[in-house]
Amino acid sequence: MSSFVLRYFPAHSRAETIKAILSYTETDYKYETPEWPQQKCEQPAGKLPVLVEILPDSSEYVLSDSLAIESYLVDKFKLSVTGDSQIIARQLEIRYQIKDMFEACTLYRYSPPEARQMFLDYFLSSAKDFVKYHEKLLAENGSNGHYFGNNITYVDLAAYATYRAIEAQLSDATPQALANFSKENAPLMNKVFETVSAEPRLASYLATFN
Amino acid sequence: MSSFVLHYFPINARAEPIKAILSYAGANWKLESPEWPQGKSSQPVGKLPVLVETAADGSQFTLSESLAIEEYLAKTFSLNVSDNLQNAARQTELRSQIKDVWDMCIQYKFGTEESRKGTMEKYAALSKAVVAYHEEQLKLNGANGHYFGSETKYLDLAVFATYLAIKDFIVPSFPQALDNFSKENAPLMNKVFETVSAEPRLASYLTTFN
């Protein structure tokens, strides 16, 4: 059996979905927070997160980029939706749209004062379009708290974990920023959040918020 | 046989890898540029590119998100690396890194004079680190002008097409954008560029840059 190390900052940011996947699959891992920027040059392309898999023969497989790490773990632990290439493509489309929302959130969060309103407007209008499309997809899947089928798959975890990350990033920002994701405006997405957070195997992930 | 419509702006920018894959694969495809912003509300989340595939039976499949579209087409036309999970994840990692480079080019191009100073510095560090990592990976594959194996596949096409897009769409306003990608600084990446540009199946795609 392999063991894993996840290297990231001590923050609820870009590695949340990875943490949720590791928790849900009950995979033991060590969380390392490298000295920064001193250990930047030790990472592939100087960025985090990085996953290190230590194989049974002691060899190491090192992988960077949050989505590459996710896709590796999803394939390894069979968390992908099963189906034809169009369903797989839809899953990836959903994942990238969720990622785009997170990127828009960080753009707003780290914007200089003079650009703040512009980035907030962009985040809000993106969120509106995003929620509309995702509510439609979720309704098409039967409004059952899942993007695909009747069980938790990859993007259910990604949606919940990214929402928690956005919430953490915007904790001291205007409450208006998260309005599009409220139960009132995004009932089916919130059903995904409830379904995922109620999953016993997410307990260790949820504990990281204490 | 399916036919494809790629909805994108009439520029050589974010959708270049998609165009390169469609051309190389010999797909039946065309580019349509919606009126903008009037065409926004017809897209899944108000963004381009969007791919619409019409199957032989007339049914349609609509997909947004550039990297989801690329992966779907790569799979459809057997251009994906597929030998093992680790290489599949490595492909995603390397593709994401090139996307990060592109995104920062866009940030520079559309930034203010003020923001450009900071972006240029970050870009120099990012492009240097990405090139170093890609050169290493290319060396591991035998320095043969391909990222994986010995035939032109998805990643080779995507990296080359992004290089062409930076040259065409970014360099006019950001002359230093390709400094770290020169033959001197990135010899093995340039071998990929030469190898891919010499592919007869890419000839018609390359004429779009004249």
# chains A, B, ... in the order shown; residues from 1 in each chain; ligands from 1

$ residues_around --residues "A:Asp75" --least-positions-apart "6" --cutoff "12 Å" --atoms "only C-alpha atoms" --output "PyMOL selection string"
(chain A and resi 21+25+68-69+81-82+88+153-154) or (chain B and resi 84-89)

$ residues_around --residues "stretch 39-44 of chain A" --least-positions-apart "3" --cutoff "7 Å" --atoms "only C-alpha atoms" --output "list in words"
Pro34, Glu35, Trp36, Lys47 and Ser64 of chain A; Tyr133 of chain B

$ write_last_selection --atoms "N, CA, C and O atoms" --output "CSV table (one decimal), in the first residue's frame"
chain,number,residue,atom,x,y,z
A,34,PRO,N,5.4,23.4,3.8
A,34,PRO,CA,6.8,23.8,3.5
A,34,PRO,C,7.1,25.2,4.0
A,34,PRO,O,6.2,26.1,3.9
A,35,GLU,N,8.3,25.5,4.3
A,35,GLU,CA,8.8,26.9,4.6
A,35,GLU,C,8.6,27.7,3.2
A,35,GLU,O,9.0,27.2,2.2
A,36,TRP,N,8.0,28.8,3.3
A,36,TRP,CA,7.8,29.6,2.0
A,36,TRP,C,8.3,31.0,2.1
A,36,TRP,O,8.0,31.6,3.1
A,47,LYS,N,5.4,25.5,-7.2
A,47,LYS,CA,4.1,25.7,-6.7
A,47,LYS,C,3.6,24.6,-5.8
A,47,LYS,O,4.0,23.5,-5.8
A,64,SER,N,2.4,17.7,-9.0
A,64,SER,CA,1.9,19.0,-8.6
A,64,SER,C,0.6,19.3,-9.4
A,64,SER,O,0.2,18.5,-10.2
B,133,TYR,N,10.9,22.6,-15.4
B,133,TYR,CA,10.2,21.4,-15.1
B,133,TYR,C,9.9,20.6,-16.4
B,133,TYR,O,10.0,19.4,-16.5

$ closest_residue --among "B:Ser96, B:Ser66, B:Asn80, B:Thr119" --to "B:Glu16" --atoms "only C-alpha atoms"
B:Ser66

$ residues_around --residues "A:Glu135" --least-positions-apart "2" --cutoff "8 Å" --atoms "only C-alpha atoms" --output "VMD selection string"
chain A and resid 131 to 133 137 to 139 186 to 189

$ closest_atom_pairs --of "stretch 44-124 of chain B" --to "stretch 117-130 of chain A" --cutoff "10 Å" --atoms "only C-alpha atoms" --output "CSV"
residue,atom,partner,partner_atom,distance
B:Pro44,CA,A:Asp129,CA,7.9
B:Val45,CA,A:Asp129,CA,5.0
B:Gly46,CA,A:Asp129,CA,6.5
B:Lys47,CA,A:Ser126,CA,9.2

$ interface_residues --of "chain B" --to "chain A" --cutoff "9 Å" --atoms "only C-alpha atoms" --output "number ranges by chain"
B: 41, 44-46, 61, 63-69, 71-72, 75-76, 85-86, 88-94, 96-97, 125-134

$ closest_residue --among "B:Phe193, B:Phe4, B:Phe169, B:Phe174" --to "B:Asn144" --atoms "only C-alpha atoms"
B:Phe193

$ residues_around --residues "stretch 6-12 of chain A" --least-positions-apart "4" --cutoff "8 Å" --atoms "only C-alpha atoms" --output "list in words"
Glu16, Tyr29, Lys30, Tyr31, Glu32, Thr33, Pro34, Leu48, Pro49, Val50, Leu51, Val52, Arg164, Ala165, Ala168 and Gln169 of chain A

$ atom_distance --atom1 "atom CA of A:Asp172" --atom2 "atom CA of A:Ala15"
20.5 Å

$ select_by_dssp --residues "chain B" --states "strand (DSSP E or B)" --output "count of residues only"
20

$ select_by_dssp --residues "stretch 1-208 of chain A" --states "helix (DSSP H, G or I)" --output "MDAnalysis selection string"
chainID A and resid 16:24 40:42 44:46 66:76 85:109 113:140 154:169 175:181 187:197 200:207

$ closest_residue --among "B:Leu31, B:Cys105, B:Ala20, B:Val81" --to "B:Leu206" --atoms "only C-alpha atoms"
B:Ala20

$ residues_around --residues "stretch 48-54 of chain B" --least-positions-apart "3" --cutoff "6 Å" --atoms "only C-alpha atoms" --output "PDB file with N, CA and C atoms, in the first residue's frame"
ATOM      1  N   SER B   2     -19.374  12.467 -36.406  1.00  0.00           N
ATOM      2  CA  SER B   2     -19.844  13.721 -35.814  1.00  0.00           C
ATOM      3  C   SER B   2     -19.275  14.918 -36.553  1.00  0.00           C
ATOM      4  N   SER B   3     -20.004  16.016 -36.451  1.00  0.00           N
ATOM      5  CA  SER B   3     -19.425  17.291 -36.877  1.00  0.00           C
ATOM      6  C   SER B   3     -19.359  18.191 -35.656  1.00  0.00           C
ATOM      7  N   PHE B   4     -18.421  19.115 -35.674  1.00  0.00           N
ATOM      8  CA  PHE B   4     -18.178  19.954 -34.505  1.00  0.00           C
ATOM      9  C   PHE B   4     -18.258  21.429 -34.881  1.00  0.00           C
ATOM     10  N   VAL B   5     -18.855  22.214 -33.977  1.00  0.00           N
ATOM     11  CA  VAL B   5     -18.774  23.661 -34.110  1.00  0.00           C
ATOM     12  C   VAL B   5     -18.075  24.170 -32.861  1.00  0.00           C
ATOM     13  N   LEU B   6     -17.001  24.923 -33.063  1.00  0.00           N
ATOM     14  CA  LEU B   6     -16.302  25.553 -31.949  1.00  0.00           C
ATOM     15  C   LEU B   6     -16.759  27.000 -31.914  1.00  0.00           C
ATOM     16  N   HIS B   7     -17.380  27.383 -30.794  1.00  0.00           N
ATOM     17  CA  HIS B   7     -17.817  28.771 -30.625  1.00  0.00           C
ATOM     18  C   HIS B   7     -16.731  29.515 -29.883  1.00  0.00           C
ATOM     19  N   TYR B   8     -16.138  30.494 -30.552  1.00  0.00           N
ATOM     20  CA  TYR B   8     -15.097  31.295 -29.900  1.00  0.00           C
ATOM     21  C   TYR B   8     -14.955  32.612 -30.625  1.00  0.00           C
ATOM     22  N   GLY B  58     -28.179  13.291 -35.396  1.00  0.00           N
ATOM     23  CA  GLY B  58     -28.695  14.638 -35.196  1.00  0.00           C
ATOM     24  C   GLY B  58     -28.675  15.125 -33.761  1.00  0.00           C
ATOM     25  N   SER B  59     -28.376  14.239 -32.804  1.00  0.00           N
ATOM     26  CA  SER B  59     -28.352  14.667 -31.396  1.00  0.00           C
ATOM     27  C   SER B  59     -27.133  15.557 -31.166  1.00  0.00           C
ATOM     28  N   GLN B  60     -27.264  16.458 -30.190  1.00  0.00           N
ATOM     29  CA  GLN B  60     -26.196  17.410 -29.933  1.00  0.00           C
ATOM     30  C   GLN B  60     -25.624  17.273 -28.530  1.00  0.00           C
ATOM     31  N   PHE B  61     -24.337  17.499 -28.427  1.00  0.00           N
ATOM     32  CA  PHE B  61     -23.644  17.498 -27.143  1.00  0.00           C
ATOM     33  C   PHE B  61     -22.919  18.833 -27.031  1.00  0.00           C
ATOM     34  N   THR B  62     -23.249  19.593 -25.985  1.00  0.00           N
ATOM     35  CA  THR B  62     -22.644  20.914 -25.794  1.00  0.00           C
ATOM     36  C   THR B  62     -21.711  20.869 -24.601  1.00  0.00           C
ATOM     37  N   LEU B  63     -20.520  21.393 -24.759  1.00  0.00           N
ATOM     38  CA  LEU B  63     -19.510  21.326 -23.694  1.00  0.00           C
ATOM     39  C   LEU B  63     -18.759  22.647 -23.604  1.00  0.00           C
ATOM     40  N   SER B  64     -18.607  23.169 -22.381  1.00  0.00           N
ATOM     41  CA  SER B  64     -17.802  24.379 -22.197  1.00  0.00           C
ATOM     42  C   SER B  64     -16.546  24.034 -21.403  1.00  0.00           C
TER      43      SER B  64
END

$ residues_around --residues "stretch 191-195 of chain A" --least-positions-apart "6" --cutoff "7 Å" --atoms "only C-alpha atoms" --output "short mmCIF file (atom, residue, chain, number, x, y, z; two decimals) with N, CA and C atoms, in the first residue's frame"
data_model
loop_
_atom_site.label_atom_id
_atom_site.label_comp_id
_atom_site.auth_asym_id
_atom_site.auth_seq_id
_atom_site.Cartn_x
_atom_site.Cartn_y
_atom_site.Cartn_z
N GLY A 145 -29.22 15.66 -4.53
CA GLY A 145 -28.01 15.97 -3.77
C GLY A 145 -26.74 15.44 -4.41
N HIS A 146 -26.84 15.02 -5.66
CA HIS A 146 -25.68 14.52 -6.39
C HIS A 146 -25.67 15.05 -7.82
N ASP A 156 -19.19 16.09 -6.54
CA ASP A 156 -19.97 16.40 -5.32
C ASP A 156 -18.98 16.88 -4.26
N TYR A 160 -18.60 20.89 -2.73
CA TYR A 160 -18.69 21.19 -1.30
C TYR A 160 -17.38 21.79 -0.79
#

$ residues_around --residues "A:Tyr163" --least-positions-apart "3" --cutoff "9 Å" --atoms "only C-alpha atoms" --output "compact mmCIF listing (two decimals) with C-alpha atoms, in the first residue's frame"
# COMPACT_ATOMS: atom_id res chain seq x y z
CA ILE A 98 -16.18 25.18 -9.90
CA PHE A 102 -12.69 29.84 -6.81
CA ALA A 158 -15.31 19.28 -5.27
CA ALA A 159 -18.44 21.46 -5.08
CA TYR A 160 -18.69 21.19 -1.30
CA ILE A 166 -14.67 30.28 -0.96
CA GLU A 167 -16.44 30.83 2.36
CA ALA A 168 -13.09 30.79 4.17
CA PHE A 181 -24.95 30.48 -3.16
CA PHE A 193 -23.48 20.53 0.38

$ atom_distance --atom1 "atom CA of B:Asp156" --atom2 "atom CA of B:Ile170"
20.4 Å

$ closest_residue --among "B:Tyr154, B:Glu35, B:Lys19, B:Lys30" --to "B:Ser78" --atoms "only C-alpha atoms"
B:Tyr154

$ atom_distance --atom1 "atom CA of B:Asn180" --atom2 "atom CA of B:Asn12"
20.9 Å
